[in-house]
file final.cif (mmCIF, N, CA and C atoms)
data_input
#
loop_
_atom_site.group_PDB
_atom_site.id
_atom_site.type_symbol
_atom_site.label_atom_id
_atom_site.label_comp_id
_atom_site.auth_asym_id
_atom_site.auth_seq_id
_atom_site.Cartn_x
_atom_site.Cartn_y
_atom_site.Cartn_z
ATOM 1 N N MET A 28 7.132 84.140 -27.261
ATOM 2 C CA MET A 28 6.497 82.841 -27.160
ATOM 3 C C MET A 28 7.008 82.096 -25.934
ATOM 4 N N GLN A 29 8.289 82.293 -25.598
ATOM 5 C CA GLN A 29 8.835 81.609 -24.431
ATOM 6 C C GLN A 29 8.200 82.096 -23.138
ATOM 7 N N SER A 30 7.875 83.372 -23.083
ATOM 8 C CA SER A 30 7.256 83.890 -21.862
ATOM 9 C C SER A 30 5.869 83.285 -21.667
ATOM 10 N N PHE A 31 5.138 83.056 -22.759
ATOM 11 C CA PHE A 31 3.820 82.434 -22.647
ATOM 12 C C PHE A 31 3.954 80.991 -22.167
ATOM 13 N N GLN A 32 4.936 80.255 -22.691
ATOM 14 C CA GLN A 32 5.151 78.872 -22.261
ATOM 15 C C GLN A 32 5.549 78.819 -20.783
ATOM 16 N N ARG A 33 6.365 79.760 -20.376
ATOM 17 C CA ARG A 33 6.743 79.807 -18.964
ATOM 18 C C ARG A 33 5.535 80.122 -18.099
ATOM 19 N N TYR A 34 4.707 81.020 -18.555
ATOM 20 C CA TYR A 34 3.485 81.368 -17.824
ATOM 21 C C TYR A 34 2.617 80.126 -17.639
ATOM 22 N N ILE A 35 2.410 79.359 -18.694
ATOM 23 C CA ILE A 35 1.589 78.149 -18.614
ATOM 24 C C ILE A 35 2.222 77.142 -17.649
ATOM 25 N N ARG A 36 3.540 76.956 -17.721
ATOM 26 C CA ARG A 36 4.230 76.051 -16.799
ATOM 27 C C ARG A 36 4.059 76.500 -15.350
ATOM 28 N N ASP A 37 4.155 77.814 -15.112
ATOM 29 C CA ASP A 37 3.983 78.344 -13.761
ATOM 30 C C ASP A 37 2.559 78.148 -13.261
ATOM 31 N N VAL A 38 1.587 78.344 -14.145
ATOM 32 C CA VAL A 38 0.194 78.141 -13.761
ATOM 33 C C VAL A 38 -0.044 76.683 -13.385
ATOM 34 N N VAL A 39 0.441 75.760 -14.181
ATOM 35 C CA VAL A 39 0.282 74.335 -13.890
ATOM 36 C C VAL A 39 0.965 73.987 -12.568
ATOM 37 N N ALA A 40 2.142 74.527 -12.330
ATOM 38 C CA ALA A 40 2.860 74.261 -11.087
ATOM 39 C C ALA A 40 2.075 74.781 -9.879
ATOM 40 N N GLU A 41 1.492 75.964 -10.001
ATOM 41 C CA GLU A 41 0.711 76.522 -8.895
ATOM 42 C C GLU A 41 -0.565 75.725 -8.665
ATOM 43 N N LEU A 42 -1.205 75.271 -9.733
ATOM 44 C CA LEU A 42 -2.427 74.491 -9.575
ATOM 45 C C LEU A 42 -2.168 73.151 -8.897
ATOM 46 N N LYS A 43 -0.963 72.618 -9.035
ATOM 47 C CA LYS A 43 -0.621 71.370 -8.354
ATOM 48 C C LYS A 43 -0.473 71.579 -6.851
ATOM 49 N N LYS A 44 -0.230 72.816 -6.420
ATOM 50 C CA LYS A 44 -0.085 73.130 -5.000
ATOM 51 C C LYS A 44 -1.429 73.359 -4.308
ATOM 52 N N VAL A 45 -2.482 73.533 -5.091
ATOM 53 C CA VAL A 45 -3.793 73.864 -4.533
ATOM 54 C C VAL A 45 -4.358 72.670 -3.773
ATOM 55 N N THR A 46 -4.920 72.940 -2.608
ATOM 56 C CA THR A 46 -5.639 71.917 -1.859
ATOM 57 C C THR A 46 -7.114 72.052 -2.215
ATOM 58 N N TRP A 47 -7.623 71.133 -3.009
ATOM 59 C CA TRP A 47 -8.993 71.200 -3.464
ATOM 60 C C TRP A 47 -9.920 70.669 -2.378
ATOM 61 N N PRO A 48 -11.123 71.253 -2.243
ATOM 62 C CA PRO A 48 -12.042 70.766 -1.206
ATOM 63 C C PRO A 48 -12.592 69.386 -1.562
ATOM 64 N N THR A 49 -12.961 68.666 -0.510
ATOM 65 C CA THR A 49 -13.609 67.374 -0.739
ATOM 66 C C THR A 49 -15.040 67.620 -1.202
ATOM 67 N N TRP A 50 -15.689 66.547 -1.665
ATOM 68 C CA TRP A 50 -17.076 66.669 -2.135
ATOM 69 C C TRP A 50 -17.979 67.126 -0.999
ATOM 70 N N GLU A 51 -17.761 66.615 0.207
ATOM 71 C CA GLU A 51 -18.590 67.005 1.354
ATOM 72 C C GLU A 51 -18.374 68.472 1.717
ATOM 73 N N GLU A 52 -17.135 68.939 1.702
ATOM 74 C CA GLU A 52 -16.858 70.352 1.978
ATOM 75 C C GLU A 52 -17.498 71.245 0.930
ATOM 76 N N LEU A 53 -17.438 70.818 -0.314
ATOM 77 C CA LEU A 53 -18.021 71.600 -1.403
ATOM 78 C C LEU A 53 -19.534 71.695 -1.259
ATOM 79 N N LYS A 54 -20.184 70.574 -0.936
ATOM 80 C CA LYS A 54 -21.642 70.587 -0.746
ATOM 81 C C LYS A 54 -22.020 71.477 0.433
ATOM 82 N N GLY A 55 -21.258 71.383 1.528
ATOM 83 C CA GLY A 55 -21.549 72.206 2.702
ATOM 84 C C GLY A 55 -21.395 73.687 2.410
ATOM 85 N N SER A 56 -20.324 74.052 1.746
ATOM 86 C CA SER A 56 -20.093 75.463 1.412
ATOM 87 C C SER A 56 -21.168 75.986 0.464
ATOM 88 N N THR A 57 -21.571 75.146 -0.491
ATOM 89 C CA THR A 57 -22.610 75.554 -1.432
ATOM 90 C C THR A 57 -23.926 75.798 -0.710
ATOM 91 N N MET A 58 -24.265 74.934 0.239
ATOM 92 C CA MET A 58 -25.507 75.112 0.990
ATOM 93 C C MET A 58 -25.471 76.396 1.819
ATOM 94 N N VAL A 59 -24.324 76.710 2.393
ATOM 95 C CA VAL A 59 -24.194 77.947 3.172
ATOM 96 C C VAL A 59 -24.408 79.158 2.273
ATOM 97 N N VAL A 60 -23.816 79.148 1.089
ATOM 98 C CA VAL A 60 -23.960 80.272 0.153
ATOM 99 C C VAL A 60 -25.406 80.416 -0.294
ATOM 100 N N ILE A 61 -26.062 79.307 -0.622
ATOM 101 C CA ILE A 61 -27.464 79.360 -1.052
ATOM 102 C C ILE A 61 -28.346 79.885 0.077
ATOM 103 N N PHE A 62 -28.162 79.358 1.293
ATOM 104 C CA PHE A 62 -28.956 79.795 2.439
ATOM 105 C C PHE A 62 -28.752 81.285 2.715
ATOM 106 N N PHE A 63 -27.495 81.735 2.719
ATOM 107 C CA PHE A 63 -27.200 83.141 2.978
ATOM 108 C C PHE A 63 -27.793 84.035 1.891
ATOM 109 N N SER A 64 -27.742 83.591 0.645
ATOM 110 C CA SER A 64 -28.297 84.376 -0.462
ATOM 111 C C SER A 64 -29.808 84.522 -0.319
ATOM 112 N N ILE A 65 -30.480 83.440 0.082
ATOM 113 C CA ILE A 65 -31.933 83.503 0.279
ATOM 114 C C ILE A 65 -32.273 84.446 1.423
ATOM 115 N N ILE A 66 -31.560 84.331 2.542
ATOM 116 C CA ILE A 66 -31.809 85.211 3.694
ATOM 117 C C ILE A 66 -31.581 86.674 3.316
ATOM 118 N N MET A 67 -30.486 86.960 2.611
ATOM 119 C CA MET A 67 -30.211 88.337 2.213
ATOM 120 C C MET A 67 -31.253 88.843 1.212
ATOM 121 N N GLY A 68 -31.728 87.964 0.339
ATOM 122 C CA GLY A 68 -32.776 88.350 -0.606
ATOM 123 C C GLY A 68 -34.043 88.768 0.113
ATOM 124 N N PHE A 69 -34.442 87.978 1.124
ATOM 125 C CA PHE A 69 -35.619 88.345 1.915
ATOM 126 C C PHE A 69 -35.398 89.656 2.661
ATOM 127 N N TYR A 70 -34.214 89.816 3.233
ATOM 128 C CA TYR A 70 -33.902 91.041 3.975
ATOM 129 C C TYR A 70 -33.990 92.260 3.068
ATOM 130 N N ILE A 71 -33.403 92.185 1.896
ATOM 131 C CA ILE A 71 -33.429 93.315 0.964
ATOM 132 C C ILE A 71 -34.844 93.576 0.466
ATOM 133 N N ALA A 72 -35.629 92.522 0.227
ATOM 134 C CA ALA A 72 -37.008 92.699 -0.231
ATOM 135 C C ALA A 72 -37.848 93.389 0.843
ATOM 136 N N ILE A 73 -37.694 92.964 2.090
ATOM 137 C CA ILE A 73 -38.452 93.582 3.191
ATOM 138 C C ILE A 73 -38.015 95.036 3.375
ATOM 139 N N LEU A 74 -36.724 95.278 3.326
ATOM 140 C CA LEU A 74 -36.211 96.643 3.457
ATOM 141 C C LEU A 74 -36.722 97.527 2.321
ATOM 142 N N ASP A 75 -36.712 97.013 1.115
ATOM 143 C CA ASP A 75 -37.198 97.766 -0.042
ATOM 144 C C ASP A 75 -38.686 98.076 0.099
ATOM 145 N N PHE A 76 -39.450 97.080 0.519
ATOM 146 C CA PHE A 76 -40.893 97.288 0.698
ATOM 147 C C PHE A 76 -41.153 98.360 1.751
ATOM 148 N N GLY A 77 -40.453 98.259 2.885
ATOM 149 C CA GLY A 77 -40.649 99.238 3.959
ATOM 150 C C GLY A 77 -40.243 100.642 3.546
ATOM 151 N N LEU A 78 -39.108 100.760 2.891
ATOM 152 C CA LEU A 78 -38.664 102.099 2.465
ATOM 153 C C LEU A 78 -39.569 102.681 1.392
ATOM 154 N N SER A 79 -40.084 101.840 0.489
ATOM 155 C CA SER A 79 -40.988 102.371 -0.528
ATOM 156 C C SER A 79 -42.300 102.853 0.091
ATOM 157 N N LYS A 80 -42.779 102.150 1.117
ATOM 158 C CA LYS A 80 -43.982 102.605 1.834
ATOM 159 C C LYS A 80 -43.691 103.914 2.567
ATOM 160 N N LEU A 81 -42.524 104.022 3.181
ATOM 161 C CA LEU A 81 -42.166 105.237 3.907
ATOM 162 C C LEU A 81 -42.068 106.424 2.948
ATOM 163 N N VAL A 82 -41.413 106.252 1.815
ATOM 164 C CA VAL A 82 -41.296 107.333 0.829
ATOM 165 C C VAL A 82 -42.667 107.656 0.258
ATOM 166 N N GLY A 83 -43.498 106.650 0.066
ATOM 167 C CA GLY A 83 -44.847 106.876 -0.453
ATOM 168 C C GLY A 83 -45.690 107.726 0.462
ATOM 169 N N THR A 84 -45.520 107.564 1.766
ATOM 170 C CA THR A 84 -46.299 108.386 2.710
ATOM 171 C C THR A 84 -45.848 109.844 2.651
ATOM 172 N N PHE A 85 -44.593 110.102 2.399
ATOM 173 C CA PHE A 85 -44.108 111.490 2.304
ATOM 174 C C PHE A 85 -44.517 112.151 1.010
ATOM 175 N N LEU A 86 -44.686 111.379 -0.062
ATOM 176 C CA LEU A 86 -45.013 111.953 -1.366
ATOM 177 C C LEU A 86 -46.502 112.157 -1.555
ATOM 178 N N GLU A 87 -47.317 111.608 -0.702
ATOM 179 C CA GLU A 87 -48.776 111.784 -0.875
ATOM 180 C C GLU A 87 -49.254 113.073 -0.295
#

call {"tool": "encode", "arguments": {"input": "final.cif", "output": "structure tokens"}}
result
Amino acid sequence: MQSFQRYIRDVVAELKKVTWPTWEELKGSTMVVIFFSIIMGFYIAILDFGLSKLVGTFLE
């Protein structure tokens, strides 16, 4: 039981050392992630469409 209490104390101590982002930094980072995810989604969709057409021409 003492090891668990020490673990919790250590976790709390480490969390006090964390530099949390500001609201503006958080919004900016979130927008970058959303934008990148959308771009990658389009890229993968286009790649998938092109490769499926290419494989389809070989199978016909």

call {"tool": "axis_aligned_box", "arguments": {"input": "final.cif", "around": "range 57-72 of chain A", "padding_each_side": "5 Å", "output": "JSON"}}
result
{"center_x": -29.7, "center_y": 84.3, "center_z": 1.3, "size_x": 26.3, "size_y": 28.6, "size_z": 15.4}

call {"tool": "atom_distance", "arguments": {"input": "final.cif", "atom1": "atom N of Arg33 in chain A", "atom2": "atom C of Pro48 in chain A"}}
result
28.7 Å

call {"tool": "atom_distance", "arguments": {"input": "final.cif", "atom1": "CA of Met67 in chain A", "atom2": "atom C of Thr84 in chain A"}}
result
26.6 Å

call {"tool": "atom_distance", "arguments": {"input": "final.cif", "atom1": "atom C of Gln32 in chain A", "atom2": "CA of Trp47 in chain A"}}
result
23.9 Å
